[in-house]
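For reference, model_9.csv (CSV, C-alpha atoms):
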chain,number,residue,atom,x,y,z
A,1,MET,CA,42.7,-76.2,-39.1
A,2,SER,CA,43.9,-76.4,-35.5
A,3,VAL,CA,47.7,-76.8,-35.1
A,4,PHE,CA,50.0,-77.3,-32.1
A,5,LEU,CA,51.7,-74.0,-31.2
A,6,GLY,CA,54.3,-73.0,-28.7
A,7,THR,CA,56.6,-74.7,-26.2
A,8,HIS,CA,55.3,-75.7,-22.8
A,9,GLU,CA,57.3,-77.2,-19.9
A,10,ASN,CA,55.5,-79.5,-17.5
A,11,ARG,CA,56.7,-81.6,-14.6
A,12,PHE,CA,56.2,-85.2,-13.9
A,13,ASP,CA,54.1,-86.0,-10.8
A,14,ALA,CA,55.0,-88.5,-8.1
A,15,LYS,CA,53.4,-91.3,-10.1
A,16,GLY,CA,55.4,-90.5,-13.2
A,17,ARG,CA,52.6,-88.8,-15.1
A,18,VAL,CA,52.8,-85.6,-17.0
A,19,SER,CA,50.0,-83.3,-18.3
A,20,ILE,CA,49.7,-82.6,-22.0
A,21,PRO,CA,49.4,-78.8,-22.2
A,22,ALA,CA,45.7,-77.7,-22.2
A,23,GLY,CA,46.0,-76.1,-25.7
A,24,PHE,CA,47.4,-79.3,-27.1
A,25,ARG,CA,44.6,-81.3,-25.6
A,26,THR,CA,42.1,-78.9,-27.2
A,27,VAL,CA,43.6,-79.5,-30.6
A,28,LEU,CA,43.7,-83.3,-30.0
A,29,LYS,CA,40.1,-83.4,-29.0
A,30,ALA,CA,39.0,-81.3,-32.0
A,31,GLN,CA,40.7,-83.8,-34.3
A,32,HIS,CA,39.6,-86.9,-32.3
A,33,THR,CA,37.4,-89.6,-33.9
A,34,GLU,CA,35.4,-91.8,-31.6
A,35,GLY,CA,37.0,-95.2,-31.2
A,36,ASP,CA,40.6,-93.9,-31.8
A,37,SER,CA,43.1,-93.1,-29.1
A,38,LEU,CA,43.6,-89.4,-28.4
A,39,VAL,CA,47.3,-89.4,-29.2
A,40,ILE,CA,49.9,-91.8,-30.6
A,41,LEU,CA,53.5,-91.5,-29.3
A,42,ARG,CA,56.5,-92.8,-31.2
A,43,PRO,CA,60.2,-92.2,-31.2
A,44,SER,CA,61.5,-89.6,-33.8
A,45,HIS,CA,63.6,-91.2,-36.6
A,46,THR,CA,65.9,-88.2,-36.7
A,47,MET,CA,66.0,-86.5,-33.3
A,48,PRO,CA,66.2,-87.5,-29.6
A,49,CYS,CA,62.5,-86.7,-28.9
A,50,ILE,CA,59.1,-88.3,-28.9
A,51,GLU,CA,56.7,-87.5,-31.7
A,52,ALA,CA,53.0,-87.1,-30.7
A,53,TRP,CA,50.4,-87.7,-33.4
A,54,PRO,CA,46.7,-87.2,-33.5
A,55,ALA,CA,45.3,-90.6,-34.7
A,56,GLY,CA,44.1,-89.2,-38.0
A,57,ALA,CA,47.5,-87.7,-38.8
A,58,PHE,CA,49.2,-90.9,-37.9
A,59,SER,CA,46.9,-92.8,-40.2
A,60,HIS,CA,47.8,-90.4,-43.0
A,61,LEU,CA,51.5,-91.0,-42.2
A,62,THR,CA,51.1,-94.7,-42.7
A,63,GLN,CA,49.3,-94.6,-46.0
A,64,PRO,CA,52.4,-95.0,-48.2
A,65,LEU,CA,52.6,-98.6,-46.8
A,66,ASP,CA,49.6,-99.4,-49.0
A,67,ARG,CA,51.7,-98.7,-52.1
A,68,LEU,CA,54.3,-101.3,-51.2
A,69,ASP,CA,54.1,-105.1,-51.7
A,70,MET,CA,52.9,-106.2,-48.3
A,71,PHE,CA,55.3,-109.2,-48.5
A,72,SER,CA,58.3,-107.2,-49.3
A,73,GLU,CA,61.2,-106.4,-47.0
A,74,ASP,CA,60.7,-102.7,-47.6
A,75,HIS,CA,57.1,-103.0,-46.4
A,76,ASP,CA,58.2,-105.0,-43.3
A,77,ASP,CA,60.9,-102.5,-42.4
A,78,LEU,CA,58.6,-99.5,-42.8
A,79,ALA,CA,55.7,-101.2,-40.9
A,80,ALA,CA,58.1,-102.1,-38.1
A,81,ALA,CA,59.5,-98.6,-38.0
A,82,LEU,CA,56.0,-97.0,-37.9
A,83,TYR,CA,54.0,-99.4,-35.8
A,84,ALA,CA,56.2,-101.5,-33.6
A,85,ASP,CA,57.3,-98.5,-31.4
A,86,ALA,CA,54.0,-96.6,-31.6
A,87,TYR,CA,52.0,-96.2,-28.4
A,88,PRO,CA,48.4,-95.1,-28.5
A,89,LEU,CA,47.4,-93.3,-25.3
A,90,ASP,CA,44.4,-91.6,-23.8
A,91,PRO,CA,45.1,-89.0,-21.0
A,92,ASP,CA,43.2,-89.2,-17.7
A,93,ARG,CA,40.6,-86.6,-16.8
A,94,GLU,CA,43.4,-84.1,-15.8
A,95,GLY,CA,45.1,-84.6,-19.2
A,96,ARG,CA,48.0,-86.7,-17.7
A,97,ILE,CA,49.8,-89.5,-19.5
A,98,ILE,CA,52.5,-92.0,-18.6
A,99,ILE,CA,55.2,-92.0,-21.2
A,100,PRO,CA,56.5,-95.6,-21.8
A,101,ASP,CA,60.0,-96.2,-20.5
A,102,PHE,CA,61.3,-97.0,-24.0
A,103,LEU,CA,60.2,-93.6,-25.3
A,104,ARG,CA,61.6,-91.8,-22.2
A,105,GLU,CA,65.0,-93.5,-22.8
A,106,HIS,CA,64.9,-92.4,-26.5
A,107,ALA,CA,64.3,-88.8,-25.5
A,108,GLY,CA,66.8,-88.8,-22.7
A,109,ILE,CA,64.1,-88.0,-20.1
A,110,THR,CA,64.5,-91.0,-17.7
A,111,GLU,CA,66.0,-88.8,-15.0
A,112,SER,CA,64.3,-85.6,-16.0
A,113,ALA,CA,61.8,-83.9,-13.6
A,114,ALA,CA,60.1,-82.2,-16.5
A,115,VAL,CA,59.6,-82.3,-20.2
A,116,ALA,CA,59.1,-79.7,-22.9
A,117,PHE,CA,56.1,-80.1,-25.2
A,118,MET,CA,57.0,-78.4,-28.5
A,119,GLY,CA,54.3,-77.7,-31.1
A,120,VAL,CA,55.4,-78.3,-34.7
A,121,GLY,CA,52.1,-77.7,-36.5
A,122,ARG,CA,50.2,-80.9,-37.2
A,123,THR,CA,52.0,-82.8,-34.5
A,124,PHE,CA,54.0,-82.0,-31.3
A,125,GLN,CA,57.2,-83.3,-29.8
A,126,ILE,CA,58.2,-84.2,-26.3
A,127,TRP,CA,61.8,-83.3,-25.4
A,128,GLU,CA,64.1,-83.1,-22.5
A,129,PRO,CA,63.9,-79.3,-21.7
A,130,ASN,CA,67.5,-78.4,-22.3
A,131,ALA,CA,67.5,-80.4,-25.6
A,132,ALA,CA,64.3,-78.6,-26.6
A,133,ARG,CA,65.9,-75.2,-26.1
A,134,GLN,CA,68.9,-76.2,-28.1
A,135,ARG,CA,66.7,-77.7,-30.9
A,136,ARG,CA,64.7,-74.4,-31.2
A,137,GLU,CA,67.9,-72.3,-31.3
A,138,GLU,CA,69.4,-74.6,-34.0
A,139,ALA,CA,66.1,-74.5,-36.0
A,140,ARG,CA,66.0,-70.7,-35.8
A,141,GLN,CA,69.6,-70.4,-37.1
A,142,ARG,CA,69.1,-73.0,-39.9
A,143,SER,CA,65.7,-71.6,-40.9
A,144,ARG,CA,67.3,-68.3,-41.9
A,145,ARG,CA,69.0,-70.2,-44.8
A,146,ILE,CA,65.8,-71.9,-46.1
A,147,SER,CA,64.3,-70.6,-49.3
A,148,ILE,CA,60.8,-71.8,-50.1
A,149,PRO,CA,60.0,-72.0,-53.8
A,150,ALA,CA,57.1,-69.9,-55.0
A,151,ALA,CA,53.8,-71.8,-55.3
A,152,ARG,CA,52.7,-72.9,-58.7
A,153,ASP,CA,49.2,-71.7,-59.8
A,154,GLY,CA,46.5,-73.5,-57.8
A,155,GLN,CA,49.0,-75.1,-55.5
A,156,ASP,CA,49.6,-72.5,-52.8
A,157,GLY,CA,47.6,-74.3,-50.2
A,158,GLY,CA,46.0,-71.1,-49.1
A,159,ALA,CA,42.6,-69.5,-49.4
A,160,ALA,CA,41.8,-67.6,-52.6
Target encoding structure tokens, full file:
Amino acid sequence: MSVFLGTHENRFDAKGRVSIPAGFRTVLKAQHTEGDSLVILRPSHTMPCIEAWPAGAFSHLTQPLDRLDMFSEDHDDLAAALYADAYPLDPDREGRIIIPDFLREHAGITESAAVAFMGVGRTFQIWEPNAARQRREEARQRSRRISIPAARDGQDGGAA
């Protein structure tokens, strides 16, 4: 399974476009299904960054909605949180996208000349570069305290 790895900093061009890193585009294209957008951008619920989802992964993210009564307030709230601020995008031939203003504001990159693309496995995030450095440092520090429980038989997720 292809995943998004590394942190890459790219600059905006004169027209406000920024290139998705080539390695990230390769992963997106490998997971792409004809008829879907290449990537879906949305604001993070918990951090000042933009989440970037392959369409298939985004579809998986929204599956819990199917378990809620579609006329309930919970369904409406979750649907609005997931869909209302989601922006499907297809890069141009050079891999460039225009990040919607709302998302740029959320990530604090309205005045920024560059952004940091940070791979986080099945998705990637778009950050203001200094905020990305701080986030990575905080994550490294906090990850030292994380203890992952041992896998139960048949549930390790790895190959036998």
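Of the residues under consideration (A:Ser112, A:Ser19, A:Gln134, A:Asn10), A:Gln134 shows the shortest atom-to-atom contact distance to Met47 of chain A when counting all atoms listed in the file.
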Query raised in the report: How far is it from atom CA of Arg93 of chain A to atom CA of Ile40 of chain A, in Å with one decimal?
Result: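 Going from atom CA of Arg93 of chain A over to atom CA of Ile40 of chain A, I get 17.4 Å.
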Query raised in the report: Do you have the atom CA of Ser59 of chain A-atom CA of Ala116 of chain A distance handy?
Result: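 Between atom CA of Ser59 of chain A and atom CA of Ala116 of chain A the gap is 24.9 Å.
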Report summary line: Of A:Arg25, A:Arg42, A:Lys15, A:Arg152, the one nearest to Ala84 of chain A when counting only C-alpha atoms is A:Arg42
Query - Ala114 of chain A surroundings by all atoms listed in the file, 10 Å radius, close-in-sequence under 5 positions cut, as number ranges by chain - result: A: 9-13, 18, 109, 127-129
Report task. May I have the residues within 8 Å of segment 26-33 of chain A as a ChimeraX atom specification, using only C-alpha atoms and disregarding those fewer than 4 positions away in the same chain? Result -> /A:2-4,22,37-39,54-56
Prev. selection, C-alpha atoms, output as a compact mmCIF listing (two decimals), in the frame of the given file:
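File produced: result-v4.txt:
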# COMPACT_ATOMS: atom_id res chain seq x y z
CA SER A 2 43.90 -76.40 -35.50
CA VAL A 3 47.70 -76.80 -35.10
CA PHE A 4 50.00 -77.30 -32.10
CA ALA A 22 45.70 -77.70 -22.20
CA SER A 37 43.10 -93.10 -29.10
CA LEU A 38 43.60 -89.40 -28.40
CA VAL A 39 47.30 -89.40 -29.20
CA PRO A 54 46.70 -87.20 -33.50
CA ALA A 55 45.30 -90.60 -34.70
CA GLY A 56 44.10 -89.20 -38.00
Query raised in the report: To one decimal place, how far is atom CA of Arg142 of chain A from atom CA of Leu5 of chain A in Å?
Result: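 Separation between atom CA of Arg142 of chain A and atom CA of Leu5 of chain A: 19.5 Å.
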Query raised in the report: Out of A:Pro43, A:Gln125, A:Pro64, A:Arg145, which residue has the shortest atom-to-atom distance to Phe24 of chain A when counting only C-alpha atoms?
Result: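 Among A:Pro43, A:Gln125, A:Pro64, A:Arg145, it is A:Gln125 that comes nearest to Phe24 of chain A.
Using all atoms listed in the file for every distance, the candidate list A:Val115, A:Ile148, A:Leu41, A:Met70 yields A:Leu41 as the residue closest to Ala57 of chain A.
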Query raised in the report: Between A:Leu103, A:Ala139, A:Leu68, A:Pro48, which has the minimum distance to Val120 of chain A (counting only C-alpha atoms)?
Result: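 Nearest to Val120 of chain A: A:Ala139.
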Query raised in the report: Which residues come within 10 Å of Ala81 of chain A, counting all atoms listed in the file, excluding same-chain residues fewer than 4 positions away, as a list of chain:residue names?
Result: A:Arg42, A:Pro43, A:His45, A:His75, A:Asp76, A:Asp77, A:Asp85, A:Ala86
Report summary line: From the list A:Thr62, A:Ala151, A:Ile97, A:Glu34, the nearest residue to Ala80 of chain A using all atoms listed in the file is A:Thr62
Requested in this report: Give me the residues within 7 Å of Met118 of chain A as a PyMOL selection string, counting all atoms listed in the file and dropping any in the same chain fewer than 6 places off.
Outcome: chain A and resi 6-8+124-126
